[in-house]
>>> print(open('query_39.cif').read())   # mmCIF, C-alpha atoms
data_work
loop_
_atom_site.label_atom_id
_atom_site.label_comp_id
_atom_site.auth_asym_id
_atom_site.auth_seq_id
_atom_site.Cartn_x
_atom_site.Cartn_y
_atom_site.Cartn_z
CA VAL S 164 -9.45 -4.32 29.28
CA SER S 165 -8.66 -0.60 29.19
CA THR S 166 -5.14 0.71 28.71
CA SER S 167 -5.34 2.39 32.11
CA SER S 168 -6.17 -0.78 34.05
CA SER S 169 -3.57 -2.73 32.08
CA VAL S 170 -0.82 -0.29 33.03
CA SER S 171 -1.73 -0.23 36.72
CA SER S 172 -2.37 -3.95 37.20
CA SER S 173 0.25 -5.56 34.93
CA PRO S 174 3.53 -3.63 35.11
CA SER S 175 5.48 -6.53 33.62
CA TRP S 176 3.99 -6.52 30.12
CA ASP S 177 6.04 -5.25 27.18
CA VAL S 178 3.58 -4.06 24.54
CA PHE S 179 -0.09 -3.07 24.33
CA ILE S 180 -1.70 -4.11 21.04
CA ASN S 181 -5.34 -3.40 20.24
CA LEU S 182 -7.09 -5.28 17.45
CA SER S 183 -10.49 -5.35 15.79
CA GLY S 184 -12.67 -8.45 15.77
CA ASP S 185 -12.05 -8.99 12.05
CA THR S 186 -8.24 -9.13 12.47
CA LEU S 187 -6.14 -12.30 12.42
CA PRO S 188 -2.50 -12.72 13.49
CA ILE S 189 -0.23 -13.85 10.66
CA VAL S 190 2.29 -15.39 13.07
CA THR S 191 1.82 -16.97 16.50
CA ALA S 192 1.42 -15.05 19.75
CA SER S 193 4.72 -16.42 21.05
CA ARG S 194 6.52 -15.16 17.94
CA ILE S 195 4.93 -11.71 18.30
CA SER S 196 6.02 -11.65 21.94
CA GLN S 197 9.56 -12.54 20.88
CA LEU S 198 9.65 -9.76 18.27
CA PHE S 199 8.52 -7.13 20.81
CA GLU S 200 10.88 -8.28 23.58
CA PRO S 201 12.49 -5.02 24.80
CA SER S 202 16.14 -6.10 25.12
CA GLN S 203 16.61 -8.25 21.99
CA GLY S 204 13.43 -8.16 19.90
CA PRO S 205 13.72 -6.16 16.65
CA LEU S 206 10.40 -4.44 17.43
CA GLY S 207 11.21 -3.84 21.09
CA ASN S 208 10.95 -0.30 22.52
CA THR S 209 9.18 0.87 19.37
CA ASN S 210 5.78 2.57 19.28
CA PHE S 211 3.62 1.82 16.26
CA VAL S 212 0.71 4.26 16.02
CA THR S 213 0.09 3.72 12.33
CA SER S 214 0.67 1.26 9.52
CA ALA S 215 1.63 1.31 5.86
CA SER S 216 -1.83 2.65 5.02
CA CYS S 217 -0.67 6.01 6.41
CA VAL S 218 0.77 8.41 3.83
CA THR S 219 4.22 8.23 5.41
CA GLY S 220 4.11 4.47 5.98
CA LEU S 221 4.91 3.29 9.50
CA ILE S 222 5.54 6.88 10.63
CA PRO S 223 2.65 9.22 11.61
CA THR S 224 1.68 11.84 9.04
CA SER S 225 1.43 15.54 9.96
CA ILE S 226 -1.70 17.32 8.74
CA TYR S 227 0.66 19.76 7.03
CA ASP S 228 1.85 16.93 4.76
CA PHE S 229 -1.61 16.80 3.16
CA PRO S 230 -2.59 19.23 0.39
CA GLU S 231 -4.60 22.18 1.69
CA HIS S 232 -7.88 21.17 0.02
CA THR S 233 -7.96 17.62 1.44
CA MET S 234 -10.26 16.67 4.30
CA LYS S 235 -7.60 15.47 6.74
CA ARG S 236 -6.00 18.91 6.67
CA ALA S 237 -8.86 21.28 5.88
CA HIS S 238 -11.24 19.74 8.44
CA TYR S 239 -8.98 20.51 11.39
CA PHE S 240 -8.40 24.09 10.25
CA GLN S 241 -12.12 24.63 9.62
CA HIS S 242 -12.75 23.63 13.23
CA HIS S 243 -10.08 26.11 14.39
CA ILE S 244 -7.85 23.56 16.06
CA PRO S 245 -5.21 25.61 17.94
CA LYS S 246 -1.61 25.40 16.78
CA THR S 247 -0.29 25.61 20.36
CA LEU S 248 -1.35 24.11 23.69
CA SER S 249 -0.42 25.00 27.27
CA HIS S 250 -0.03 22.19 29.77
CA VAL S 251 1.90 20.78 32.72
CA ASP S 252 4.94 18.68 31.81
CA SER S 253 4.05 15.16 32.98
CA THR S 254 7.67 14.42 33.90
CA THR S 255 8.98 17.64 35.50
CA GLY S 256 5.74 19.26 36.66
CA GLU S 257 6.81 22.47 34.90
CA TRP S 258 4.15 24.63 33.26
CA LYS S 259 4.60 24.77 29.47
CA LYS S 260 2.91 27.70 27.77
CA ASP S 261 1.94 27.88 24.09
CA VAL S 262 3.80 24.77 23.00
CA GLU S 263 3.52 24.14 19.27
CA THR S 264 1.45 20.96 18.96
CA PRO S 265 0.85 19.93 15.34
CA ILE S 266 -1.76 17.24 14.75
CA TYR S 267 -0.57 13.92 13.35
CA PHE S 268 -2.58 11.17 11.71
CA GLY S 269 -2.00 7.52 12.49
CA SER S 270 -4.38 4.62 13.03
CA GLN S 271 -6.82 3.51 15.70
CA TRP S 272 -4.94 0.16 15.70
CA MET S 273 -1.54 0.38 17.35
CA ALA S 274 1.22 -1.29 19.38
CA LEU S 275 2.45 0.78 22.33
CA THR S 276 5.35 0.23 24.70
CA HIS S 277 4.63 0.00 28.42
CA ASP S 278 6.52 3.24 29.15
CA PHE S 279 4.63 5.27 26.53
CA ALA S 280 1.25 3.85 27.58
CA GLU S 281 2.06 4.76 31.18
CA TYR S 282 3.07 8.26 30.09
CA VAL S 283 -0.22 8.77 28.23
CA ILE S 284 -2.25 7.56 31.22
CA ARG S 285 -0.38 9.89 33.61
CA SER S 286 -0.87 12.83 31.25
CA LEU S 287 -4.61 12.06 31.06
CA ASP S 288 -4.98 11.68 34.83
CA HIS S 289 -3.58 15.17 35.52
CA PRO S 290 -6.26 17.78 34.66
CA ASN S 291 -3.60 19.97 33.01
CA GLY S 292 -1.45 17.17 31.60
CA PRO S 293 -0.72 17.17 27.85
CA GLY S 294 -3.03 14.20 27.29
CA ALA S 295 -5.94 15.79 29.15
CA VAL S 296 -5.46 19.14 27.40
CA LEU S 297 -5.27 17.51 23.96
CA LYS S 298 -8.31 15.33 24.72
CA HIS S 299 -10.46 18.29 25.77
CA THR S 300 -9.24 20.35 22.81
CA LEU S 301 -10.30 17.64 20.36
CA ILE S 302 -13.69 17.35 22.08
CA GLU S 303 -14.33 21.09 22.29
CA THR S 304 -13.45 21.70 18.64
CA GLU S 305 -15.65 18.74 17.59
CA VAL S 306 -13.14 17.43 15.10
CA LEU S 307 -13.55 14.02 13.50
CA MET S 308 -11.16 11.05 13.29
CA THR S 309 -9.77 11.64 16.80
CA ASP S 310 -9.18 7.90 17.18
CA GLU S 311 -6.60 8.28 14.41
CA THR S 312 -4.95 11.43 15.76
CA PHE S 313 -4.82 11.34 19.57
CA PHE S 314 -2.06 8.77 20.13
CA ALA S 315 -0.09 9.80 17.04
CA THR S 316 -0.15 13.44 18.17
CA MET S 317 0.83 12.51 21.73
CA LEU S 318 3.78 10.46 20.47
CA MET S 319 5.10 12.95 17.94
CA ASN S 320 4.88 15.87 20.40
CA SER S 321 6.61 14.08 23.27
CA PRO S 322 10.38 14.77 23.44
CA ALA S 323 10.87 11.67 25.59
CA PHE S 324 9.17 9.28 23.16
CA ARG S 325 9.39 10.86 19.72
CA ASP S 326 12.52 8.81 19.00
CA THR S 327 10.61 5.57 19.62
CA ILE S 328 8.79 5.78 16.29
CA PRO S 329 9.90 3.13 13.77
CA LYS S 330 13.21 3.75 11.99
CA LEU S 331 12.79 3.02 8.29
CA ASN S 332 15.05 2.17 5.36
CA ASP S 333 14.80 4.12 2.12
CA ASP S 334 12.32 1.59 0.73
CA GLY S 335 9.96 2.04 3.71
CA ALA S 336 10.87 -1.22 5.45
CA LEU S 337 11.63 -1.36 9.16
CA GLU S 338 15.37 -0.79 9.70
CA ARG S 339 15.71 -3.41 12.44
CA PHE S 340 13.41 -5.92 10.71
CA PRO S 341 13.72 -5.20 6.98
CA SER S 342 11.16 -7.79 5.90
CA MET S 343 8.40 -5.70 7.53
CA TYR S 344 6.67 -2.93 5.61
CA SER S 345 3.48 -2.88 7.63
CA LEU S 346 2.40 -3.78 11.14
CA ARG S 347 -1.08 -4.69 9.91
CA TYR S 348 -1.89 -5.57 6.30
CA GLU S 349 -5.16 -4.19 5.02
CA ARG S 350 -6.49 -2.94 1.73
CA MET S 351 -7.75 0.58 2.25
CA ASP S 352 -8.69 3.53 0.02
CA GLU S 353 -7.42 1.81 -3.12
CA ASN S 354 -10.40 2.50 -5.36
CA ALA S 355 -10.83 6.12 -4.43
CA PRO S 356 -8.17 8.73 -5.26
CA ASN S 357 -5.84 9.67 -2.42
CA ALA S 358 -5.01 13.21 -1.29
CA TRP S 359 -2.91 13.74 -4.42
CA GLY S 360 -5.52 12.38 -6.83
CA GLU S 361 -3.66 9.10 -7.31
CA TYR S 362 -5.08 5.58 -7.27
CA THR S 363 -2.91 3.20 -5.25
CA SER S 364 -4.17 -0.07 -6.70
CA SER S 365 -6.13 -1.55 -9.58
CA GLU S 366 -6.36 -5.07 -8.13
CA PRO S 367 -9.76 -6.77 -7.92
CA LEU S 368 -11.31 -7.19 -4.50
CA TYR S 369 -13.73 -9.47 -2.70
CA ASP S 370 -17.29 -8.19 -2.82
CA ILE S 371 -19.85 -9.09 -0.16
CA PRO S 372 -23.20 -10.43 -1.37
CA THR S 373 -26.17 -9.10 0.57
CA LYS S 374 -26.90 -12.56 1.98
CA PHE S 375 -23.59 -12.45 3.91
CA GLY S 376 -24.80 -9.55 6.07
CA GLU S 377 -25.93 -11.72 8.96
CA VAL S 378 -22.53 -13.38 9.32
CA THR S 379 -20.28 -10.39 8.64
CA GLY S 380 -21.70 -7.96 11.19
CA GLY S 381 -24.11 -6.42 8.72
CA GLU S 382 -21.46 -5.74 6.06
CA GLY S 383 -22.78 -4.86 2.63
CA PRO S 384 -21.12 -4.66 -0.79
CA ALA S 385 -17.57 -3.26 -0.82
CA LYS S 386 -17.25 0.53 -0.70
CA PRO S 387 -14.60 2.40 -2.70
CA TRP S 388 -12.66 3.42 0.41
CA GLY S 389 -12.60 0.04 2.18
CA PRO S 390 -11.23 -1.59 4.20
CA TYR S 391 -11.95 -4.62 2.03
CA PHE S 392 -12.28 -8.21 3.10
CA LEU S 393 -9.21 -10.32 2.34
CA GLY S 394 -9.02 -13.79 0.83
CA THR S 395 -6.76 -16.37 -0.76
CA TYR S 396 -5.78 -14.13 -3.68
CA ASP S 397 -4.37 -11.57 -1.22
CA LEU S 398 -1.85 -14.01 0.28
CA GLY S 399 0.98 -12.83 -1.97
CA SER S 400 0.53 -9.23 -0.81
CA ILE S 401 0.21 -10.29 2.84
CA LYS S 402 3.45 -12.25 2.50
CA GLU S 403 5.25 -9.37 0.81
CA SER S 404 4.15 -6.87 3.49
CA GLY S 405 5.80 -8.81 6.32
CA ALA S 406 2.92 -7.70 8.56
CA LEU S 407 2.03 -9.28 11.90
CA PHE S 408 -1.73 -8.97 11.43
CA ALA S 409 -4.23 -9.01 8.56
CA ARG S 410 -7.58 -7.21 8.38
CA LYS S 411 -10.41 -7.68 7.39
CA VAL S 412 -10.89 -11.43 7.55
CA SER S 413 -14.13 -13.41 7.80
CA TRP S 414 -14.79 -17.15 7.61
CA ALA S 415 -17.96 -16.31 5.64
CA VAL S 416 -16.01 -14.46 2.94
CA ASP S 417 -13.02 -16.82 2.63
CA SER S 418 -12.50 -19.44 5.33
CA ASN S 419 -9.15 -20.44 3.79
CA LEU S 420 -7.38 -17.58 5.58
CA VAL S 421 -9.01 -18.47 8.90
CA ARG S 422 -7.79 -22.06 8.59
CA MET S 423 -4.31 -21.06 7.45
CA LEU S 424 -3.41 -18.31 9.94
CA PRO S 425 -1.35 -18.00 12.02
CA VAL S 426 1.59 -19.75 10.39
CA LYS S 427 4.60 -21.24 12.15
CA SER S 428 8.21 -21.03 11.01
CA GLY S 429 9.49 -23.70 8.70
CA LYS S 430 12.68 -25.69 8.82
CA GLY S 431 16.14 -24.14 8.79
CA GLU S 432 16.39 -20.40 8.33
CA SER S 433 13.02 -19.89 6.67
CA SER S 434 10.64 -17.48 8.39
CA GLU S 435 6.92 -17.76 9.01
CA TRP S 436 6.24 -15.48 6.07
CA ASP S 437 8.15 -17.89 3.80
CA GLU S 438 5.52 -20.50 4.65
CA LEU S 439 2.73 -18.41 3.14
CA PRO S 440 1.87 -19.43 -0.45
CA ASP S 441 2.77 -16.87 -3.10
CA ILE S 442 -0.76 -16.45 -4.46
CA TRP S 443 -1.79 -13.24 -6.23
CA TRP S 444 -4.84 -11.95 -8.05
CA PRO S 445 -4.91 -13.23 -11.67
CA GLU S 446 -3.51 -10.71 -14.12
CA PHE S 447 -6.82 -10.29 -15.92
CA GLY S 448 -8.96 -10.50 -12.81
CA VAL S 449 -11.43 -13.15 -11.79
CA LYS S 450 -15.19 -13.27 -11.41
CA ILE S 451 -16.96 -15.96 -9.44
CA LYS S 452 -20.11 -17.36 -11.01
CA ASP S 453 -22.92 -18.74 -8.89
CA PRO S 454 -23.39 -22.52 -9.14
CA PHE S 455 -25.59 -23.80 -11.96
CA VAL S 456 -29.00 -25.00 -10.82
CA TRP S 457 -29.78 -27.30 -13.66
CA GLY S 458 -33.55 -27.33 -13.34
CA LYS S 459 -33.56 -23.54 -13.37
CA GLU S 460 -31.04 -23.39 -16.24
CA LYS S 461 -33.18 -25.72 -18.33
CA ARG S 462 -36.34 -23.67 -17.77
CA GLU S 463 -34.51 -20.47 -18.71
CA ASP S 464 -33.20 -22.11 -21.90
CA GLU S 465 -36.73 -23.23 -22.81
CA GLU S 466 -38.06 -19.72 -22.20
CA ASP S 467 -35.35 -18.27 -24.43
CA GLU S 468 -36.29 -20.70 -27.19
CA THR S 469 -39.96 -19.62 -27.07
CA TRP S 470 -38.88 -16.13 -27.99
#
>>> encode(input="query_39.cif", output="structure tokens")
Amino acid sequence: VSTSSSVSSSPSWDVFINLSGDTLPIVTASRISQLFEPSQGPLGNTNFVTSASCVTGLIPTSIYDFPEHTMKRAHYFQHHIPKTLSHVDSTTGEWKKDVETPIYFGSQWMALTHDFAEYVIRSLDHPNGPGAVLKHTLIETEVLMTDETFFATMLMNSPAFRDTIPKLNDDGALERFPSMYSLRYERMDENAPNAWGEYTSSEPLYDIPTKFGEVTGGEGPAKPWGPYFLGTYDLGSIKESGALFARKVSWAVDSNLVRMLPVKSGKGESSEWDELPDIWWPEFGVKIKDPFVWGKEKREDEEDETW
């Protein structure tokens, strides 16, 4: 279902969340609905266009926050993306000329309020609306990663909705729901240096044997930049993140997560996240050995002895 048809046909919904097929909810749908309830939910009236994998956490990252030599900044300048755009104000109908419109990076996975989604659709429907102008600018300049920049740029350059980005504490947690550090937990770009030449993790990760390709959508061995498949040893990090969703998950890689999620709240004041086991990667790593095939093992031993 497209965002446009959802806005026009279901005006009563509170939040639009798009997910990939390899994503699982960590808590139940009813709990997610409760959290996003506009009047009392701690996530209500908040637009999430990124996650903790963004440089600035749950807040979109301006291309100017990246060092000049890095791709996410240099690429847009190399394609001569304009610094200003002229468009019709979607609310007042007033013509806005040469409005500074910096590009922001977010994620292609997001959670949008009904009002913001409606605003984006209106601005795309008008040929000179800010959404339409930004869309055509991104197409004409042939820049990459537009799925990560369009909604983030629309949000951060909208005076009416800029204040609906998440409010964070000093430690990066959500101010109104301080157990949450990420909307979606995923392991991304850990084993390749980031824009500042830093490595963000040295934890092991699940590799994908070639034989799993048919049941993981053709996935091959893990690449340095990820995202990596998650499994039982990642549960501690998932729990600590306070995220609502986890990606990437596959029953073929580790069916334990598929059987376990989503979790329900426990007794008393414990939350759903408290019900997740506190399991982490072993300190010295772990390597899984293929099962012994004793006939084969015996033949190999005999061959070694002949040498």
>>> residues_around(input="query_39.cif", residues="Val421 of chain S", least_positions_apart="6", cutoff="12 Å", atoms="all atoms listed in the file", output="CSV table (one decimal) with C-alpha atoms, in the frame of the given file")
chain,number,residue,atom,x,y,z
S,185,ASP,CA,-12.0,-9.0,12.0
S,186,THR,CA,-8.2,-9.1,12.5
S,187,LEU,CA,-6.1,-12.3,12.4
S,188,PRO,CA,-2.5,-12.7,13.5
S,189,ILE,CA,-0.2,-13.8,10.7
S,393,LEU,CA,-9.2,-10.3,2.3
S,394,GLY,CA,-9.0,-13.8,0.8
S,395,THR,CA,-6.8,-16.4,-0.8
S,409,ALA,CA,-4.2,-9.0,8.6
S,410,ARG,CA,-7.6,-7.2,8.4
S,411,LYS,CA,-10.4,-7.7,7.4
S,412,VAL,CA,-10.9,-11.4,7.6
S,413,SER,CA,-14.1,-13.4,7.8
S,414,TRP,CA,-14.8,-17.2,7.6
S,415,ALA,CA,-18.0,-16.3,5.6
>>> residues_around(input="query_39.cif", residues="Leu307 of chain S", least_positions_apart="3", cutoff="9 Å", atoms="only C-alpha atoms", output="list of chain:residue names")
S:His238, S:Tyr239, S:Leu301, S:Asp310
>>> write_last_selection(input="query_39.cif", atoms="C-alpha atoms", output="short mmCIF file (atom, residue, chain, number, x, y, z; two decimals), in the coordinates of the input")
data_model
loop_
_atom_site.label_atom_id
_atom_site.label_comp_id
_atom_site.auth_asym_id
_atom_site.auth_seq_id
_atom_site.Cartn_x
_atom_site.Cartn_y
_atom_site.Cartn_z
CA HIS S 238 -11.24 19.74 8.44
CA TYR S 239 -8.98 20.51 11.39
CA LEU S 301 -10.30 17.64 20.36
CA ASP S 310 -9.18 7.90 17.18
#
>>> closest_residue(input="query_39.cif", among="S:Trp258, S:Thr304, S:Phe211, S:Phe268", to="Arg236 of chain S", atoms="only C-alpha atoms")
S:Phe268
>>> closest_residue(input="query_39.cif", among="S:Ser253, S:Ser270, S:Thr276, S:Thr312", to="Glu200 of chain S", atoms="only C-alpha atoms")
S:Thr276
>>> resolve_selection(input="query_39.cif", expression="the PyMOL selection byres ((chain S and resi 235) around 10)", output="list in words")
Ser225, Ile226, Tyr227, Asp228, Phe229, Pro230, Glu231, His232, Thr233, Met234, Arg236, Ala237, His238, Tyr239, Phe240, Tyr267, Phe268, Leu307, Met308 and Ala358 of chain S
>>> atom_distance(input="query_39.cif", atom1="atom CA of Ser365 of chain S", atom2="atom CA of Gly448 of chain S")
9.9 Å
>>> resolve_selection(input="query_39.cif", expression="the PyMOL selection byres ((chain S and resi 222) around 8)", output="PyMOL selection string")
chain S and resi 211-214+217+219-221+223-224+269+328-329
>>> atom_distance(input="query_39.cif", atom1="atom CA of Tyr396 of chain S", atom2="atom CA of Trp443 of chain S")
4.8 Å
>>> closest_residue(input="query_39.cif", among="S:Asp288, S:Leu420, S:Pro205, S:Leu297", to="Thr309 of chain S", atoms="all atoms listed in the file")
S:Leu297
>>> resolve_selection(input="query_39.cif", expression="the PyMOL selection byres ((chain S and resi 440) around 12)", output="count of residues only")
22
>>> atom_distance(input="query_39.cif", atom1="atom CA of Val178 of chain S", atom2="atom CA of Ser418 of chain S")
29.4 Å
>>> closest_residue(input="query_39.cif", among="S:Ile284, S:Ala336, S:Ala323, S:Leu248", to="Pro265 of chain S", atoms="all atoms listed in the file")
S:Leu248
>>> residues_around(input="query_39.cif", residues="Gln197 of chain S", least_positions_apart="5", cutoff="9 Å", atoms="all atoms listed in the file", output="PDB file with C-alpha atoms, keeping the file's coordinate frame")
ATOM      1  CA  ALA S 192       1.420 -15.050  19.750  1.00  0.00           C
ATOM      2  CA  GLN S 203      16.610  -8.250  21.990  1.00  0.00           C
ATOM      3  CA  GLY S 204      13.430  -8.160  19.900  1.00  0.00           C
ATOM      4  CA  PRO S 205      13.720  -6.160  16.650  1.00  0.00           C
ATOM      5  CA  LEU S 206      10.400  -4.440  17.430  1.00  0.00           C
ATOM      6  CA  GLY S 207      11.210  -3.840  21.090  1.00  0.00           C
TER       7      GLY S 207
END
>>> residues_around(input="query_39.cif", residues="Glu303 of chain S", least_positions_apart="4", cutoff="12 Å", atoms="all atoms listed in the file", output="list of chain:residue names")
S:His242, S:His243, S:Ile244, S:Pro245, S:Val296, S:Leu297, S:Lys298, S:His299, S:Leu307, S:Thr309
>>> closest_residue(input="query_39.cif", among="S:Gln271, S:Leu182, S:Thr327, S:Met319", to="Asn208 of chain S", atoms="all atoms listed in the file")
S:Thr327
